file protein02.tsv (TSV, C-alpha atoms)
chain	number	residue	atom	x	y	z
A	1	MET	CA	48.15	57.39	38.58
A	2	PRO	CA	49.96	59.91	36.35
A	3	THR	CA	51.57	62.85	38.16
A	4	ARG	CA	53.26	66.13	37.33
A	5	HIS	CA	56.26	67.60	39.18
A	6	ASN	CA	56.27	71.40	39.20
A	7	THR	CA	58.65	73.85	40.84
A	8	ILE	CA	56.56	76.45	42.65
A	9	ASP	CA	57.20	79.75	44.41
A	10	ILE	CA	55.50	80.18	47.82
A	11	PRO	CA	55.15	83.82	48.98
A	12	VAL	CA	55.49	84.38	52.73
A	13	ASP	CA	55.99	87.62	54.65
A	14	GLY	CA	57.43	89.49	51.67
A	15	GLN	CA	59.84	86.65	50.87
A	16	HIS	CA	59.60	83.47	48.85
A	17	ILE	CA	60.13	79.74	49.43
A	18	ASP	CA	61.10	77.37	46.64
A	19	GLY	CA	58.83	74.34	46.59
A	20	THR	CA	58.06	71.25	44.57
A	21	LEU	CA	54.46	70.27	43.89
A	22	VAL	CA	53.72	66.70	42.84
A	23	ALA	CA	50.22	66.90	41.37
A	24	ALA	CA	47.88	64.21	40.06
A	25	SER	CA	45.68	64.59	37.02
A	26	ASN	CA	42.51	64.31	39.14
A	27	VAL	CA	41.43	65.60	42.57
A	28	VAL	CA	43.29	63.79	45.36
A	29	PRO	CA	44.15	64.27	49.06
A	30	GLY	CA	47.01	66.70	49.72
A	31	VAL	CA	50.08	65.85	51.80
A	32	LEU	CA	52.30	68.56	53.29
A	33	LEU	CA	55.75	67.42	54.48
A	34	VAL	CA	57.26	69.56	57.26
A	35	HIS	CA	61.00	69.19	57.84
A	36	GLY	CA	62.89	69.48	61.10
A	37	TRP	CA	64.63	72.38	62.82
A	38	ALA	CA	65.81	75.30	60.64
A	39	ARG	CA	64.50	78.89	60.25
A	40	GLU	CA	62.73	80.77	63.04
A	41	ASP	CA	59.82	81.82	60.79
A	42	ASN	CA	58.90	78.23	60.09
A	43	LEU	CA	55.30	78.48	61.30
A	44	HIS	CA	54.55	81.19	58.74
A	45	ASP	CA	56.36	79.11	56.14
A	46	VAL	CA	54.24	76.04	56.86
A	47	LEU	CA	51.02	78.05	56.80
A	48	ALA	CA	51.99	79.59	53.46
A	49	ALA	CA	52.86	76.16	52.05
A	50	TYR	CA	49.54	74.79	53.30
A	51	ASP	CA	47.59	77.60	51.65
A	52	THR	CA	49.46	77.04	48.39
A	53	LEU	CA	48.76	73.31	48.53
A	54	VAL	CA	45.01	73.59	49.16
A	55	GLY	CA	44.74	76.23	46.47
A	56	HIS	CA	45.84	73.80	43.77
A	57	PRO	CA	42.95	72.48	41.63
A	58	SER	CA	44.17	68.87	41.94
A	59	VAL	CA	43.99	68.91	45.75
A	60	ASP	CA	40.89	68.13	47.78
A	61	PRO	CA	40.93	70.83	50.51
A	62	ALA	CA	38.87	68.57	52.78
A	63	SER	CA	41.51	65.81	52.66
A	64	ILE	CA	44.80	67.30	53.84
A	65	ALA	CA	47.54	65.39	55.65
A	66	ILE	CA	50.47	67.03	57.40
A	67	VAL	CA	53.57	64.92	58.03
A	68	GLY	CA	56.09	66.43	60.44
A	69	SER	CA	59.36	65.22	61.94
A	70	SER	CA	61.04	66.57	65.08
A	71	TYR	CA	60.57	70.38	65.10
A	72	GLY	CA	58.41	69.87	62.01
A	73	GLY	CA	56.13	67.63	64.09
A	74	TYR	CA	55.78	70.39	66.69
A	75	LEU	CA	54.88	72.86	63.92
A	76	ALA	CA	52.48	70.39	62.33
A	77	ALA	CA	50.59	70.11	65.62
A	78	LEU	CA	50.30	73.91	65.81
A	79	VAL	CA	49.10	74.19	62.22
A	80	SER	CA	46.36	71.64	62.87
A	81	ALA	CA	44.69	74.26	65.09
A	82	MET	CA	45.01	76.98	62.44
A	83	ARG	CA	44.04	75.18	59.27
A	84	ARG	CA	41.77	72.32	58.23
A	85	VAL	CA	43.73	69.06	58.65
A	86	ARG	CA	42.28	65.58	58.31
A	87	TRP	CA	45.37	63.45	58.97
A	88	LEU	CA	48.36	64.23	61.18
A	89	ALA	CA	51.55	62.15	61.14
A	90	LEU	CA	54.17	63.03	63.76
A	91	ARG	CA	57.60	61.39	63.85
A	92	ALA	CA	59.58	62.13	67.01
A	93	PRO	CA	57.68	65.42	67.52
A	94	ALA	CA	59.62	67.97	69.54
A	95	LEU	CA	58.20	70.01	72.41
A	96	TYR	CA	59.11	73.53	73.57
A	97	ARG	CA	58.03	75.81	76.39
A	98	ASP	CA	55.44	78.35	75.28
A	99	ARG	CA	57.36	81.23	76.83
A	100	GLU	CA	60.34	80.46	74.60
A	101	TRP	CA	58.35	80.70	71.37
A	102	ASP	CA	60.08	83.90	70.20
A	103	LYS	CA	63.55	82.80	71.29
A	104	PRO	CA	65.82	81.29	68.60
A	105	LYS	CA	65.84	77.55	69.18
A	106	GLY	CA	69.63	77.43	68.83
A	107	GLU	CA	69.95	79.67	71.89
A	108	LEU	CA	67.91	77.45	74.18
A	109	SER	CA	69.65	75.66	77.03
A	110	ARG	CA	70.03	72.05	75.96
A	111	SER	CA	69.98	70.77	79.55
A	112	ASP	CA	66.89	72.79	80.46
A	113	LEU	CA	65.11	71.72	77.29
A	114	LEU	CA	65.85	68.06	77.96
A	115	ALA	CA	64.59	68.42	81.54
A	116	TYR	CA	61.36	69.93	80.19
A	117	ARG	CA	60.98	67.11	77.70
A	118	ARG	CA	61.34	64.54	80.45
A	119	SER	CA	58.56	66.11	82.51
A	120	LEU	CA	54.79	65.61	82.50
A	121	VAL	CA	53.23	68.34	80.32
A	122	GLY	CA	49.57	68.69	79.42
A	123	PRO	CA	47.42	70.66	76.97
A	124	LYS	CA	46.81	73.42	79.52
A	125	ASP	CA	50.56	74.05	79.71
A	126	ASN	CA	51.62	73.85	76.07
A	127	ARG	CA	50.08	75.30	72.91
A	128	ALA	CA	51.14	72.37	70.70
A	129	LEU	CA	49.53	69.88	73.07
A	130	ALA	CA	46.44	72.10	73.27
A	131	ALA	CA	46.20	71.88	69.48
A	132	CYS	CA	46.46	68.09	69.75
A	133	ALA	CA	43.67	68.04	72.33
A	134	ALA	CA	41.43	69.97	69.91
A	135	PHE	CA	42.29	67.80	66.89
A	136	ARG	CA	39.48	65.62	65.53
A	137	GLY	CA	41.15	63.71	62.70
A	138	ASP	CA	43.37	60.61	62.49
A	139	VAL	CA	46.87	60.54	63.97
A	140	LEU	CA	50.07	58.59	63.46
A	141	ILE	CA	52.80	58.90	66.10
A	142	VAL	CA	56.18	57.31	65.40
A	143	GLU	CA	58.87	57.05	68.08
A	144	SER	CA	62.54	56.11	67.77
A	145	GLU	CA	63.39	53.57	70.44
A	146	HIS	CA	66.74	55.17	71.37
A	147	ASP	CA	65.89	58.83	70.81
A	148	GLN	CA	68.14	61.11	72.90
A	149	ILE	CA	66.66	64.34	71.48
A	150	VAL	CA	62.95	63.61	71.89
A	151	PRO	CA	62.76	61.16	74.81
A	152	HIS	CA	59.85	58.86	75.53
A	153	PRO	CA	58.03	61.24	77.96
A	154	VAL	CA	57.47	63.66	75.07
A	155	ILE	CA	55.74	60.92	73.09
A	156	THR	CA	53.68	60.06	76.16
A	157	ASN	CA	52.58	63.70	76.46
A	158	TYR	CA	51.56	63.86	72.81
A	159	ARG	CA	49.66	60.57	72.96
A	160	ALA	CA	47.82	61.64	76.11
A	161	ALA	CA	46.78	64.92	74.47
A	162	PHE	CA	44.97	63.23	71.57
A	163	GLN	CA	41.70	62.51	73.37
A	164	SER	CA	39.14	63.54	70.74
A	165	VAL	CA	40.56	62.05	67.55
A	166	ARG	CA	39.01	59.44	65.26
A	167	SER	CA	42.03	57.15	65.66
A	168	VAL	CA	45.57	57.07	67.00
A	169	THR	CA	48.21	54.76	65.54
A	170	TYR	CA	51.43	54.51	67.55
A	171	ARG	CA	54.57	52.79	66.38
A	172	VAL	CA	58.14	52.43	67.68
A	173	ILE	CA	61.05	51.92	65.28
A	174	SER	CA	63.26	49.40	67.03
A	175	ASP	CA	66.83	50.49	67.92
A	176	ALA	CA	66.49	53.74	65.92
A	177	ASP	CA	67.97	57.09	66.91
A	178	HIS	CA	66.32	60.49	66.51
A	179	ALA	CA	67.74	61.23	63.07
A	180	LEU	CA	67.08	57.74	61.66
A	181	SER	CA	70.73	57.71	60.70
A	182	LYS	CA	70.66	54.19	59.24
A	183	GLN	CA	69.02	53.35	55.94
A	184	MET	CA	67.03	50.46	57.42
A	185	TRP	CA	65.45	52.85	59.96
A	186	ARG	CA	64.52	55.36	57.28
A	187	GLN	CA	63.10	52.55	55.18
A	188	ALA	CA	61.07	51.26	58.13
A	189	TYR	CA	59.62	54.73	58.69
A	190	GLY	CA	58.86	55.17	55.01
A	191	GLN	CA	56.98	51.88	54.92
A	192	LEU	CA	55.04	52.83	58.04
A	193	LEU	CA	54.05	56.19	56.62
A	194	VAL	CA	52.99	54.84	53.24
A	195	SER	CA	51.00	52.01	54.85
A	196	TRP	CA	49.20	54.39	57.21
A	197	MET	CA	48.46	56.97	54.52
A	198	THR	CA	47.12	54.24	52.24
A	199	GLU	CA	44.84	52.99	55.00
A	200	MET	CA	43.62	56.50	55.77
A	201	THR	CA	42.90	57.54	52.20
A	202	GLN	CA	41.20	54.28	51.36
A	203	GLY	CA	39.09	54.57	54.47
A	204	ALA	CA	38.12	58.10	53.51
A	205	ARG	CA	36.43	56.73	50.41
A	206	SER	CA	34.00	54.84	52.60
A	207	GLU	CA	33.52	57.38	55.39
A	208	GLY	CA	32.47	55.93	58.68
A	209	ALA	CA	33.84	52.45	58.00
A	210	ARG	CA	36.51	52.80	60.69
A	211	SER	CA	35.93	53.16	64.39
A	212	PRO	CA	38.25	55.06	66.79
A	213	GLY	CA	40.97	52.96	68.31
A	214	ALA	CA	44.63	52.79	69.23
A	215	LEU	CA	47.27	50.44	67.94
A	216	THR	CA	50.54	49.96	69.76
A	217	ARG	CA	53.40	47.70	68.81
A	218	PRO	CA	57.12	48.03	68.03
A	219	VAL	CA	58.18	48.02	64.39
A	220	SER	CA	61.34	46.16	63.50
A	221	ALA	CA	63.73	47.72	61.01
A	222	ASN	CA	64.76	44.18	60.08
A	223	PRO	CA	61.53	42.46	59.05
A	224	ALA	CA	61.71	38.69	59.06

call {"tool": "encode", "arguments": {"input": "protein02.tsv", "output": "structure tokens"}}
result
Amino acid sequence: MPTRHNTIDIPVDGQHIDGTLVAASNVVPGVLLVHGWAREDNLHDVLAAYDTLVGHPSVDPASIAIVGSSYGGYLAALVSAMRRVRWLALRAPALYRDREWDKPKGELSRSDLLAYRRSLVGPKDNRALAACAAFRGDVLIVESEHDQIVPHPVITNYRAAFQSVRSVTYRVISDADHALSKQMWRQAYGQLLVSWMTEMTQGARSEGARSPGALTRPVSANPA
């Protein structure tokens, strides 16, 4: 399918974000990629980017996927409650206390944050998990096996929150760290994401063909 790469300017709160839009020549699903930890106004940035994406004539506003990693996964979950999202892909999604929303993330106590992330947290106690509980689309959750930043209990909390979705796909990248610092781990994640998105978009063409379910198995970064 032929595509066009355009540099775009995204207005947000009186400022601007530089973006790149990869557009097809016909109407297709839209995919919004949300990066990890950075500015404190990221939620407004993501919302502005979403609105720009769905406003493009080549994008089907009813078929939007948000892909978020780490802090970007946390933001992606929040945005799913504020905008129309059909597919949600979360890689090592972070989790923060609601009361620390306005506090710069770099000022948070690392030890306290890790203790929170190792605890049992539910939708009633966290706005991101509440958004997950309200989500009705399809979900991909990817965990790094040796993640010291987003430990396994966080993934457990996210998975438990998705109770009303069409499907949940859960994968673990074997031996990987949080940042996917090795090329083989990044490649494994890329293959996972592309495979899942292909399945989702193809399934959307024959709505109702899939039934809700959960898939769980480790993914090796060294395929045989």

call {"tool": "closest_atom_pairs", "arguments": {"input": "protein02.tsv", "of": "segment 96-138 of chain A", "to": "segment 149-166 of chain A", "cutoff": "7 Å", "atoms": "only C-alpha atoms", "output": "Markdown table"}}
result
| residue | atom | partner | partner_atom | distance |
| --- | --- | --- | --- | --- |
| A:Arg117 | CA | A:Val154 | CA | 5.6 |
| A:Arg118 | CA | A:Pro153 | CA | 5.3 |
| A:Ser119 | CA | A:Pro153 | CA | 6.7 |
| A:Leu120 | CA | A:Asn157 | CA | 6.7 |
| A:Val121 | CA | A:Asn157 | CA | 6.1 |
| A:Gly122 | CA | A:Asn157 | CA | 6.5 |
| A:Pro123 | CA | A:Ala161 | CA | 6.3 |
| A:Leu129 | CA | A:Ala161 | CA | 5.8 |
| A:Cys132 | CA | A:Phe162 | CA | 5.4 |
| A:Ala133 | CA | A:Ala161 | CA | 4.9 |
| A:Ala134 | CA | A:Ser164 | CA | 6.9 |
| A:Phe135 | CA | A:Val165 | CA | 6.0 |
| A:Arg136 | CA | A:Val165 | CA | 4.2 |
| A:Gly137 | CA | A:Val165 | CA | 5.2 |
| A:Asp138 | CA | A:Arg166 | CA | 5.3 |

call {"tool": "closest_residue", "arguments": {"input": "protein02.tsv", "among": "A:Ala77, A:Thr169, A:Val28, A:Ala92", "to": "Ile64 of chain A", "atoms": "all atoms listed in the file"}}
result
A:Val28

call {"tool": "residues_near_point", "arguments": {"input": "protein02.tsv", "point": "(54.2, 65.4, 57.1)", "cutoff": "7 Å", "atoms": "only C-alpha atoms", "output": "ChimeraX atom specification"}}
result
/A:31-34,65-68,89

call {"tool": "atom_distance", "arguments": {"input": "protein02.tsv", "atom1": "atom CA of Leu90 of chain A", "atom2": "atom CA of Ser181 of chain A"}}
result
17.7 Å

call {"tool": "atom_distance", "arguments": {"input": "protein02.tsv", "atom1": "atom CA of His56 of chain A", "atom2": "atom CA of Arg86 of chain A"}}
result
17.1 Å

call {"tool": "residues_around", "arguments": {"input": "protein02.tsv", "residues": "Ala94 of chain A", "least_positions_apart": "4", "cutoff": "8 Å", "atoms": "only C-alpha atoms", "output": "number ranges by chain"}}
result
A: 70-74, 150, 154

call {"tool": "atom_distance", "arguments": {"input": "protein02.tsv", "atom1": "atom CA of Ala130 of chain A", "atom2": "atom CA of Ser167 of chain A"}}
result
17.3 Å

call {"tool": "residues_around", "arguments": {"input": "protein02.tsv", "residues": "segment 185-200 of chain A", "least_positions_apart": "3", "cutoff": "10 Å", "atoms": "all atoms listed in the file", "output": "PyMOL selection string"}}
result
chain A and resi 31+65+67+86-91+138-144+169+171-177+179-182+203-205+210+219-223

call {"tool": "write_last_selection", "arguments": {"input": "protein02.tsv", "atoms": "C-alpha atoms", "output": "mmCIF file, keeping the file's coordinate frame"}}
result
data_model
loop_
_atom_site.group_PDB
_atom_site.id
_atom_site.type_symbol
_atom_site.label_atom_id
_atom_site.label_comp_id
_atom_site.auth_asym_id
_atom_site.auth_seq_id
_atom_site.Cartn_x
_atom_site.Cartn_y
_atom_site.Cartn_z
ATOM 1 C CA VAL A 31 50.080 65.850 51.800
ATOM 2 C CA ALA A 65 47.540 65.390 55.650
ATOM 3 C CA VAL A 67 53.570 64.920 58.030
ATOM 4 C CA ARG A 86 42.280 65.580 58.310
ATOM 5 C CA TRP A 87 45.370 63.450 58.970
ATOM 6 C CA LEU A 88 48.360 64.230 61.180
ATOM 7 C CA ALA A 89 51.550 62.150 61.140
ATOM 8 C CA LEU A 90 54.170 63.030 63.760
ATOM 9 C CA ARG A 91 57.600 61.390 63.850
ATOM 10 C CA ASP A 138 43.370 60.610 62.490
ATOM 11 C CA VAL A 139 46.870 60.540 63.970
ATOM 12 C CA LEU A 140 50.070 58.590 63.460
ATOM 13 C CA ILE A 141 52.800 58.900 66.100
ATOM 14 C CA VAL A 142 56.180 57.310 65.400
ATOM 15 C CA GLU A 143 58.870 57.050 68.080
ATOM 16 C CA SER A 144 62.540 56.110 67.770
ATOM 17 C CA THR A 169 48.210 54.760 65.540
ATOM 18 C CA ARG A 171 54.570 52.790 66.380
ATOM 19 C CA VAL A 172 58.140 52.430 67.680
ATOM 20 C CA ILE A 173 61.050 51.920 65.280
ATOM 21 C CA SER A 174 63.260 49.400 67.030
ATOM 22 C CA ASP A 175 66.830 50.490 67.920
ATOM 23 C CA ALA A 176 66.490 53.740 65.920
ATOM 24 C CA ASP A 177 67.970 57.090 66.910
ATOM 25 C CA ALA A 179 67.740 61.230 63.070
ATOM 26 C CA LEU A 180 67.080 57.740 61.660
ATOM 27 C CA SER A 181 70.730 57.710 60.700
ATOM 28 C CA LYS A 182 70.660 54.190 59.240
ATOM 29 C CA GLY A 203 39.090 54.570 54.470
ATOM 30 C CA ALA A 204 38.120 58.100 53.510
ATOM 31 C CA ARG A 205 36.430 56.730 50.410
ATOM 32 C CA ARG A 210 36.510 52.800 60.690
ATOM 33 C CA VAL A 219 58.180 48.020 64.390
ATOM 34 C CA SER A 220 61.340 46.160 63.500
ATOM 35 C CA ALA A 221 63.730 47.720 61.010
ATOM 36 C CA ASN A 222 64.760 44.180 60.080
ATOM 37 C CA PRO A 223 61.530 42.460 59.050
#

call {"tool": "closest_atom_pairs", "arguments": {"input": "protein02.tsv", "of": "segment 93-122 of chain A", "to": "segment 35-55 of chain A", "cutoff": "9 Å", "atoms": "all atoms listed in the file", "output": "CSV"}}
result
residue,atom,partner,partner_atom,distance
A:Asp102,CA,A:Glu40,CA,8.3
A:Lys103,CA,A:Glu40,CA,8.5
A:Pro104,CA,A:Glu40,CA,6.4
A:Lys105,CA,A:Glu40,CA,7.6

call {"tool": "write_last_selection", "arguments": {"input": "protein02.tsv", "atoms": "C-alpha atoms", "output": "mmCIF file, keeping the file's coordinate frame"}}
result
data_model
loop_
_atom_site.group_PDB
_atom_site.id
_atom_site.type_symbol
_atom_site.label_atom_id
_atom_site.label_comp_id
_atom_site.auth_asym_id
_atom_site.auth_seq_id
_atom_site.Cartn_x
_atom_site.Cartn_y
_atom_site.Cartn_z
ATOM 1 C CA ASP A 102 60.080 83.900 70.200
ATOM 2 C CA LYS A 103 63.550 82.800 71.290
ATOM 3 C CA PRO A 104 65.820 81.290 68.600
ATOM 4 C CA LYS A 105 65.840 77.550 69.180
#

call {"tool": "closest_residue", "arguments": {"input": "protein02.tsv", "among": "A:Asn126, A:Ser69, A:Ser111, A:Ser80", "to": "Arg97 of chain A", "atoms": "all atoms listed in the file"}}
result
A:Asn126
